[in-house]
$ cat start16.csv   # CSV, C-alpha atoms
chain,number,residue,atom,x,y,z
A,1486,MET,CA,-70.6,-31.4,66.9
A,1487,GLU,CA,-67.7,-33.8,66.4
A,1488,ILE,CA,-64.3,-32.2,66.8
A,1489,THR,CA,-62.0,-33.8,64.2
A,1490,ALA,CA,-58.3,-34.1,64.2
A,1491,GLN,CA,-58.3,-32.0,61.0
A,1492,MET,CA,-60.1,-29.2,62.8
A,1493,VAL,CA,-57.6,-29.3,65.7
A,1494,LYS,CA,-54.7,-29.2,63.2
A,1495,GLU,CA,-56.2,-26.3,61.3
A,1496,LEU,CA,-56.7,-24.3,64.5
A,1497,ARG,CA,-53.2,-25.1,65.7
A,1498,ASP,CA,-51.7,-24.0,62.3
A,1499,GLN,CA,-53.6,-20.7,62.6
A,1500,THR,CA,-52.7,-20.0,66.2
A,1501,GLY,CA,-49.6,-21.9,67.1
A,1502,ALA,CA,-51.3,-23.1,70.4
A,1503,GLY,CA,-50.9,-26.7,71.7
A,1504,MET,CA,-53.0,-29.6,70.4
A,1505,MET,CA,-54.9,-30.1,73.6
A,1506,GLU,CA,-55.5,-26.4,74.0
A,1507,CYS,CA,-56.9,-26.2,70.5
A,1508,LYS,CA,-59.1,-29.2,71.1
A,1509,GLN,CA,-60.5,-27.8,74.3
A,1510,ALA,CA,-61.1,-24.4,72.7
A,1511,LEU,CA,-63.0,-26.1,69.8
A,1512,ILE,CA,-65.1,-28.1,72.3
A,1513,GLU,CA,-65.9,-25.0,74.2
A,1514,ALA,CA,-66.8,-23.1,71.0
A,1515,GLN,CA,-68.9,-26.1,69.7
A,1516,GLY,CA,-66.8,-26.4,66.6
A,1517,ASP,CA,-66.9,-22.7,65.7
A,1518,MET,CA,-63.3,-22.0,64.4
A,1519,GLU,CA,-63.4,-18.2,64.8
A,1520,ARG,CA,-64.9,-18.5,68.3
A,1521,ALA,CA,-62.2,-21.0,69.2
A,1522,ARG,CA,-59.5,-18.6,68.0
A,1523,LEU,CA,-61.0,-16.0,70.2
A,1524,ILE,CA,-61.1,-18.3,73.2
A,1525,LEU,CA,-57.4,-19.1,72.7
A,1526,ARG,CA,-56.6,-15.4,72.4
A,1527,GLU,CA,-58.5,-14.7,75.5
A,1528,LYS,CA,-56.7,-17.4,77.4
A,1529,GLY,CA,-53.4,-16.0,76.1
A,1530,ALA,CA,-54.3,-12.5,77.1
A,1531,ALA,CA,-55.3,-13.8,80.6
A,1532,ALA,CA,-51.9,-15.4,80.9
A,1533,ALA,CA,-50.3,-12.1,80.0
A,1534,VAL,CA,-52.4,-10.2,82.6
A,1535,LYS,CA,-51.2,-12.5,85.3
A,1536,ARG,CA,-47.7,-11.5,84.3
A,1537,GLU,CA,-48.3,-7.7,84.4
A,1538,ALA,CA,-46.1,-7.4,87.5
A,1539,LYS,CA,-43.3,-8.9,85.5
A,1540,GLN,CA,-40.8,-6.5,83.9
A,1541,ALA,CA,-40.3,-6.8,80.2
A,1542,SER,CA,-36.7,-5.5,80.2
A,1543,GLU,CA,-35.2,-7.8,77.7
A,1544,GLY,CA,-35.8,-7.6,73.9
A,1545,VAL,CA,-34.5,-6.2,70.7
A,1546,VAL,CA,-34.3,-2.9,68.8
A,1547,VAL,CA,-34.9,-3.3,65.1
A,1548,SER,CA,-34.9,-0.8,62.2
A,1549,ALA,CA,-36.1,-0.3,58.7
A,1550,VAL,CA,-35.2,2.2,56.0
A,1551,SER,CA,-36.9,3.0,52.7
A,1552,ALA,CA,-34.9,2.5,49.5
A,1553,ASP,CA,-34.7,6.3,48.9
A,1554,HIS,CA,-33.5,7.0,52.5
A,1555,ARG,CA,-36.4,9.4,53.1
A,1556,ARG,CA,-38.2,7.3,55.7
A,1557,ALA,CA,-36.9,5.2,58.6
A,1558,ALA,CA,-38.1,3.7,61.8
A,1559,LEU,CA,-36.9,2.1,65.0
A,1560,LEU,CA,-39.0,-0.3,67.1
A,1561,GLU,CA,-38.2,-1.9,70.5
A,1562,LEU,CA,-40.0,-5.1,71.2
A,1563,ASN,CA,-39.6,-6.3,74.8
A,1564,ALA,CA,-40.0,-9.6,76.6
A,1565,GLU,CA,-39.3,-10.9,80.1
A,1566,THR,CA,-36.3,-13.1,79.2
A,1567,ASP,CA,-33.4,-13.0,76.8
A,1568,PHE,CA,-34.4,-16.5,75.8
A,1569,VAL,CA,-37.6,-15.3,74.3
A,1570,ALA,CA,-36.0,-12.2,72.8
A,1571,ARG,CA,-33.8,-14.5,70.8
A,1572,ASN,CA,-36.8,-16.6,69.7
A,1573,GLU,CA,-37.2,-16.7,65.9
A,1574,GLU,CA,-40.9,-15.8,66.0
A,1575,PHE,CA,-40.2,-12.9,68.3
A,1576,GLN,CA,-37.5,-11.5,66.0
A,1577,THR,CA,-39.7,-12.0,63.0
A,1578,LEU,CA,-42.5,-10.1,64.6
A,1579,ALA,CA,-40.2,-7.2,65.5
A,1580,LYS,CA,-39.0,-7.0,61.9
A,1581,GLU,CA,-42.5,-7.2,60.5
A,1582,LEU,CA,-43.7,-4.4,62.7
A,1583,VAL,CA,-40.8,-2.0,62.1
A,1584,GLN,CA,-41.1,-2.6,58.3
A,1585,GLN,CA,-44.8,-1.7,58.5
A,1586,LEU,CA,-43.9,1.6,60.1
A,1587,VAL,CA,-41.8,2.5,57.1
A,1588,ASP,CA,-44.0,1.0,54.4
A,1589,THR,CA,-47.1,2.8,55.6
A,1590,GLY,CA,-45.3,6.1,56.5
A,1591,PHE,CA,-46.9,5.9,60.0
A,1592,GLU,CA,-46.2,9.0,62.2
A,1593,GLY,CA,-48.6,8.6,65.1
A,1594,THR,CA,-48.2,7.5,68.7
A,1595,LEU,CA,-47.4,4.0,69.9
A,1596,GLU,CA,-51.0,3.5,71.1
A,1597,GLU,CA,-52.3,4.5,67.6
A,1598,PHE,CA,-49.9,2.1,66.0
A,1599,LEU,CA,-51.0,-0.8,68.1
A,1600,GLU,CA,-54.6,-0.3,66.7
A,1601,GLN,CA,-53.4,-0.2,63.0
A,1602,PRO,CA,-54.3,-3.2,60.8
A,1603,SER,CA,-51.4,-5.6,60.6
A,1604,GLN,CA,-49.6,-5.4,57.2
A,1605,VAL,CA,-49.0,-9.2,57.3
A,1606,ALA,CA,-52.4,-10.4,58.6
A,1607,SER,CA,-55.1,-7.9,57.5
A,1608,ASP,CA,-57.8,-9.3,59.8
A,1609,ARG,CA,-55.6,-8.6,62.9
A,1610,THR,CA,-54.4,-5.3,64.5
A,1611,VAL,CA,-50.8,-4.8,65.5
A,1612,ARG,CA,-51.9,-5.3,69.1
A,1613,GLN,CA,-53.5,-8.6,68.2
A,1614,ARG,CA,-50.4,-9.8,66.4
A,1615,VAL,CA,-48.5,-9.2,69.7
A,1616,GLU,CA,-51.2,-10.9,71.7
A,1617,ASP,CA,-51.1,-13.9,69.4
A,1618,LEU,CA,-47.4,-14.3,70.1
A,1619,VAL,CA,-48.1,-13.9,73.9
A,1620,ALA,CA,-50.6,-16.7,73.6
A,1621,ARG,CA,-48.1,-19.0,72.0
A,1622,ILE,CA,-45.0,-18.2,74.0
A,1623,ARG,CA,-46.8,-17.5,77.4
A,1624,GLU,CA,-44.5,-14.6,78.3
A,1625,LYS,CA,-45.2,-10.9,78.6
A,1626,ILE,CA,-44.3,-9.2,75.3
A,1627,VAL,CA,-44.8,-5.5,74.6
A,1628,VAL,CA,-43.9,-3.0,72.0
A,1629,GLY,CA,-41.8,-0.7,74.2
A,1630,ARG,CA,-41.2,2.2,71.9
A,1631,ILE,CA,-41.4,3.3,68.3
A,1632,ALA,CA,-39.8,6.3,66.4
A,1633,THR,CA,-40.2,7.3,62.8
A,1634,PHE,CA,-38.4,9.9,60.7
A,1635,SER,CA,-39.6,11.2,57.4
A,1636,THR,CA,-37.8,13.9,55.3
A,1637,ASP,CA,-38.2,15.7,52.0
A,1638,ASP,CA,-35.9,15.2,49.0
A,1639,THR,CA,-33.1,17.3,50.5
A,1640,GLY,CA,-32.8,15.0,53.5
A,1641,SER,CA,-31.4,11.6,54.1
A,1642,VAL,CA,-32.1,9.2,57.0
A,1643,ASP,CA,-30.5,5.9,58.1
A,1644,THR,CA,-30.2,3.6,61.1
A,1645,TYR,CA,-27.5,1.7,62.9
A,1646,ILE,CA,-28.0,-1.4,65.0
A,1647,HIS,CA,-25.3,-2.3,67.6
A,1648,LEU,CA,-24.7,-5.3,69.9
A,1649,GLY,CA,-27.1,-7.6,68.0
A,1650,GLY,CA,-30.1,-5.3,68.6
A,1651,LYS,CA,-29.4,-4.1,72.1
A,1652,ILE,CA,-28.8,-0.5,70.8
A,1653,GLY,CA,-30.5,1.2,67.8
A,1654,VAL,CA,-29.9,4.6,66.4
A,1655,MET,CA,-31.7,6.7,63.7
A,1656,VAL,CA,-30.2,9.8,62.2
A,1657,GLU,CA,-31.4,12.5,59.8
A,1658,VAL,CA,-29.0,14.7,57.8
A,1659,THR,CA,-30.0,17.6,55.5
A,1660,ALA,CA,-28.2,18.7,52.4
A,1661,GLY,CA,-28.5,21.7,50.0
A,1662,SER,CA,-30.2,19.7,47.2
A,1663,PRO,CA,-31.8,16.3,46.3
A,1664,ALA,CA,-28.5,15.3,44.6
A,1665,GLY,CA,-26.6,16.2,47.7
A,1666,ALA,CA,-28.9,14.2,49.9
A,1667,GLN,CA,-28.4,11.1,47.8
A,1668,HIS,CA,-24.6,11.6,47.4
A,1669,PRO,CA,-22.6,8.5,48.4
A,1670,GLU,CA,-20.6,10.6,50.9
A,1671,THR,CA,-23.8,11.9,52.5
A,1672,LEU,CA,-25.2,8.3,52.9
A,1673,LYS,CA,-21.8,7.3,54.4
A,1674,LEU,CA,-21.9,10.2,56.8
A,1675,VAL,CA,-25.4,9.3,58.1
A,1676,LYS,CA,-24.2,5.7,58.8
A,1677,GLU,CA,-21.0,7.1,60.5
A,1678,LEU,CA,-23.1,9.3,62.7
A,1679,GLY,CA,-25.2,6.4,63.7
A,1680,MET,CA,-22.1,4.5,64.9
A,1681,GLN,CA,-21.0,7.7,66.7
A,1682,ILE,CA,-24.3,8.0,68.6
A,1683,ALA,CA,-24.4,4.3,69.4
A,1684,PHE,CA,-20.9,4.5,71.1
A,1685,GLY,CA,-20.9,8.1,72.4
A,1686,ASN,CA,-24.5,8.2,73.6
A,1687,PRO,CA,-25.0,12.0,73.3
A,1688,GLY,CA,-28.1,13.4,74.9
A,1689,TYR,CA,-28.3,16.5,72.7
A,1690,LEU,CA,-27.2,17.6,69.2
A,1691,ARG,CA,-25.6,21.0,70.1
A,1692,ARG,CA,-24.9,23.2,73.2
A,1693,ASP,CA,-28.0,25.4,72.9
A,1694,GLU,CA,-30.2,22.3,73.3
A,1695,VAL,CA,-28.9,21.5,76.8
A,1696,PRO,CA,-31.4,22.6,79.4
A,1697,GLN,CA,-30.1,25.6,81.5
A,1698,HIS,CA,-30.7,23.8,84.8
A,1699,LEU,CA,-28.4,21.0,83.8
A,1700,ILE,CA,-25.7,23.5,82.9
A,1701,ASP,CA,-26.2,25.3,86.2
A,1702,GLU,CA,-26.0,22.0,88.1
A,1703,GLU,CA,-22.7,21.1,86.3
A,1704,LYS,CA,-21.2,24.5,87.0
A,1705,GLU,CA,-22.0,24.0,90.7
A,1706,VAL,CA,-20.5,20.5,90.7
A,1707,GLN,CA,-17.3,21.7,89.0
A,1708,ARG,CA,-17.0,24.7,91.3
A,1709,GLN,CA,-17.3,22.6,94.4
A,1710,ARG,CA,-14.9,20.1,93.0
A,1711,ALA,CA,-12.3,22.9,92.3
A,1712,ILE,CA,-12.8,24.2,95.8
A,1713,ASN,CA,-12.3,20.8,97.3
A,1714,GLU,CA,-9.1,20.5,95.2
A,1715,GLY,CA,-7.8,23.7,96.8
A,1716,LYS,CA,-7.8,25.8,93.7
A,1717,PRO,CA,-7.4,29.6,94.3
A,1718,ALA,CA,-10.7,31.5,94.4
A,1719,GLN,CA,-9.6,33.9,91.6
A,1720,ALA,CA,-9.2,30.9,89.2
A,1721,LEU,CA,-12.5,29.2,89.9
A,1722,ASP,CA,-14.5,30.8,87.1
A,1723,LYS,CA,-11.9,29.9,84.5
A,1724,ILE,CA,-11.6,26.4,85.8
A,1725,VAL,CA,-15.3,25.9,85.8
A,1726,GLU,CA,-15.7,27.2,82.2
A,1727,GLY,CA,-12.9,24.8,81.1
A,1728,ARG,CA,-14.5,21.8,82.7
A,1729,LEU,CA,-17.9,22.9,81.4
A,1730,SER,CA,-16.5,22.6,77.9
A,1731,LYS,CA,-15.6,19.0,78.7
A,1732,PHE,CA,-19.2,18.4,79.8
A,1733,PHE,CA,-20.5,19.6,76.5
A,1734,GLU,CA,-18.1,17.4,74.7
A,1735,GLN,CA,-19.6,14.4,76.5
A,1736,VAL,CA,-23.3,15.2,76.1
A,1737,CYS,CA,-23.5,17.1,72.7
A,1738,LEU,CA,-23.1,15.1,69.5
A,1739,LEU,CA,-21.4,17.9,67.5
A,1740,GLU,CA,-18.9,18.5,70.3
A,1741,GLN,CA,-17.9,14.9,70.8
A,1742,GLY,CA,-14.6,13.5,69.6
A,1743,TYR,CA,-15.0,11.5,66.4
A,1744,ILE,CA,-14.9,7.7,67.1
A,1745,ARG,CA,-12.4,7.2,64.2
A,1746,ASP,CA,-10.2,10.1,65.2
A,1747,GLU,CA,-10.6,11.6,68.7
A,1748,LYS,CA,-8.6,14.7,67.7
A,1749,LYS,CA,-11.4,15.8,65.6
A,1750,ALA,CA,-14.8,16.9,66.8
A,1751,VAL,CA,-17.9,15.5,65.0
A,1752,LYS,CA,-18.7,19.0,63.7
A,1753,GLN,CA,-15.3,19.1,61.9
A,1754,VAL,CA,-16.0,15.7,60.4
A,1755,ILE,CA,-19.3,16.9,59.0
A,1756,GLU,CA,-17.5,19.9,57.5
A,1757,GLU,CA,-15.1,17.5,55.7
A,1758,PHE,CA,-18.0,15.4,54.4
A,1759,SER,CA,-19.7,18.6,53.2
A,1760,LYS,CA,-16.6,19.5,51.1
A,1761,ALA,CA,-16.6,16.1,49.6
A,1762,VAL,CA,-20.3,16.4,48.6
A,1763,GLY,CA,-19.8,20.0,47.5
A,1764,GLU,CA,-22.6,21.5,49.6
A,1765,PRO,CA,-23.3,22.0,53.3
A,1766,LEU,CA,-24.6,19.1,55.3
A,1767,SER,CA,-26.1,19.3,58.8
A,1768,VAL,CA,-27.6,17.0,61.3
A,1769,LYS,CA,-31.3,17.7,61.9
A,1770,ARG,CA,-32.1,15.1,64.6
A,1771,PHE,CA,-31.3,11.7,66.0
A,1772,VAL,CA,-32.8,9.1,68.4
A,1773,ARG,CA,-31.1,6.3,70.3
A,1774,PHE,CA,-32.8,3.3,71.8
A,1775,ARG,CA,-31.2,0.9,74.3
A,1776,VAL,CA,-33.1,-2.2,75.2
A,1777,GLY,CA,-34.8,-1.9,78.6
A,1778,GLU,CA,-34.5,1.8,79.1
A,1779,GLY,CA,-37.4,2.8,81.4
A,1780,SER,CA,-39.1,-0.5,81.0
A,1781,GLY,CA,-41.6,-0.7,83.7
A,1782,SER,CA,-44.3,-1.8,81.3
$ encode --input "start16.csv" --output "structure tokens"
Amino acid sequence: MEITAQMVKELRDQTGAGMMECKQALIEAQGDMERARLILREKGAAAAVKREAKQASEGVVVSAVSADHRRAALLELNAETDFVARNEEFQTLAKELVQQLVDTGFEGTLEEFLEQPSQVASDRTVRQRVEDLVARIREKIVVGRIATFSTDDTGSVDTYIHLGGKIGVMVEVTAGSPAGAQHPETLKLVKELGMQIAFGNPGYLRRDEVPQHLIDEEKEVQRQRAINEGKPAQALDKIVEGRLSKFFEQVCLLEQGYIRDEKKAVKQVIEEFSKAVGEPLSVKRFVRFRVGEGSGS
């Protein structure tokens, strides 16, 4: 079968692969367009397999939020180099995938998400959409992590992206009523907390969430530090407790100093917003992604 320039152009438009690669794939597929697409995908996947030892530690964190602030998502898309991470196609794919998480209300695992039909290309799965980009760019690209929040009508969720996508935060706040959840001050608080978490990097929401073994380790560290400083034995317990409070202020969101006024703890700021709304507000959960965390994949 004759391979025409129009066939090559059509395959190139569909896949983004080079002209010569498209022509060779069509020749190998004897003019079968679908088979040629599969050949190009396979070659792209093979190129990605060769790069499995590479570390995809660059990338971007993107977010999406539903109009009613009841659903939100974070997604980290990773690549080997910052050059690719800034590529327009890469950025567009990341935004497409995180929007799909929100639009479909997806709440499964990352592996399950990769097998979902693409919202943009119904004949492709999410995994295949990523593989298609790998085939065009010829660099390892992986969806590193996803997180989704969904709440009822007394909750409000929002996201905050920092450093051009290097850090992403998602927060859920609950109110006493649907009106309270949609109150402008509640929505403002959620955004403020997102900024707080991006800068403060708390590991926990409150003290009782900190694992006991971490508390015990910190106590021992501070006790030895006090001993090394020559503090009197009878004062050690009091010194350790005081320094443990400082530890909680670092790792617990509600204990941290507010980024706009370090003299106030975050929990005090939430109380002030609650008064403005006219009903109690509380933080239910949060998640923070930083590009490249634990990226061995």
$ residues_around --input "start16.csv" --residues "Lys1580 in chain A" --least-positions-apart "5" --cutoff "12 Å" --atoms "only C-alpha atoms" --output "PyMOL selection string"
chain A and resi 1545-1550+1558-1562+1573-1575+1585-1587+1604-1605+1628+1650
$ residues_around --input "start16.csv" --residues "Arg1612 in chain A" --least-positions-apart "3" --cutoff "12 Å" --atoms "all atoms listed in the file" --output "PyMOL selection string"
chain A and resi 1526+1530+1578+1582+1595-1603+1606+1608-1609+1615-1619+1626-1628
$ closest_residue --input "start16.csv" --among "A:Glu1543, A:Glu1519, A:Glu1513, A:Glu1592" --to "Gln1499 in chain A" --atoms "only C-alpha atoms"
A:Glu1519
$ closest_residue --input "start16.csv" --among "A:Lys1673, A:Arg1630, A:Arg1773, A:Arg1555" --to "Ile1755 in chain A" --atoms "all atoms listed in the file"
A:Lys1673
$ residues_around --input "start16.csv" --residues "Arg1692 in chain A" --least-positions-apart "6" --cutoff "10 Å" --atoms "all atoms listed in the file" --output "PDB file with C-alpha atoms, keeping the file's coordinate frame"
ATOM      1  CA  ILE A1700     -25.700  23.500  82.900  1.00  0.00           C
ATOM      2  CA  SER A1730     -16.500  22.600  77.900  1.00  0.00           C
ATOM      3  CA  PHE A1732     -19.200  18.400  79.800  1.00  0.00           C
ATOM      4  CA  PHE A1733     -20.500  19.600  76.500  1.00  0.00           C
ATOM      5  CA  GLU A1734     -18.100  17.400  74.700  1.00  0.00           C
ATOM      6  CA  VAL A1736     -23.300  15.200  76.100  1.00  0.00           C
ATOM      7  CA  CYS A1737     -23.500  17.100  72.700  1.00  0.00           C
ATOM      8  CA  LEU A1738     -23.100  15.100  69.500  1.00  0.00           C
ATOM      9  CA  LEU A1739     -21.400  17.900  67.500  1.00  0.00           C
ATOM     10  CA  GLU A1740     -18.900  18.500  70.300  1.00  0.00           C
TER      11      GLU A1740
END
$ closest_residue --input "start16.csv" --among "A:Gln1491, A:Gln1613, A:Gln1515, A:Ser1759" --to "Thr1671 in chain A" --atoms "only C-alpha atoms"
A:Ser1759
$ atom_distance --input "start16.csv" --atom1 "CA of Glu1703 in chain A" --atom2 "CA of Arg1770 in chain A"
24.4 Å
$ atom_distance --input "start16.csv" --atom1 "CA of Val1658 in chain A" --atom2 "CA of Asp1643 in chain A"
8.9 Å
$ closest_atom_pairs --input "start16.csv" --of "range 1689-1710 of chain A" --to "range 1723-1728 of chain A" --cutoff "10 Å" --atoms "all atoms listed in the file" --output "CSV"
residue,atom,partner,partner_atom,distance
A:Glu1703,CA,A:Val1725,CA,8.8
A:Lys1704,CA,A:Val1725,CA,6.2
A:Glu1705,CA,A:Val1725,CA,8.5
A:Val1706,CA,A:Val1725,CA,9.0
A:Gln1707,CA,A:Val1725,CA,5.6
A:Arg1708,CA,A:Val1725,CA,5.9
A:Gln1709,CA,A:Val1725,CA,9.4
A:Arg1710,CA,A:Val1725,CA,9.3
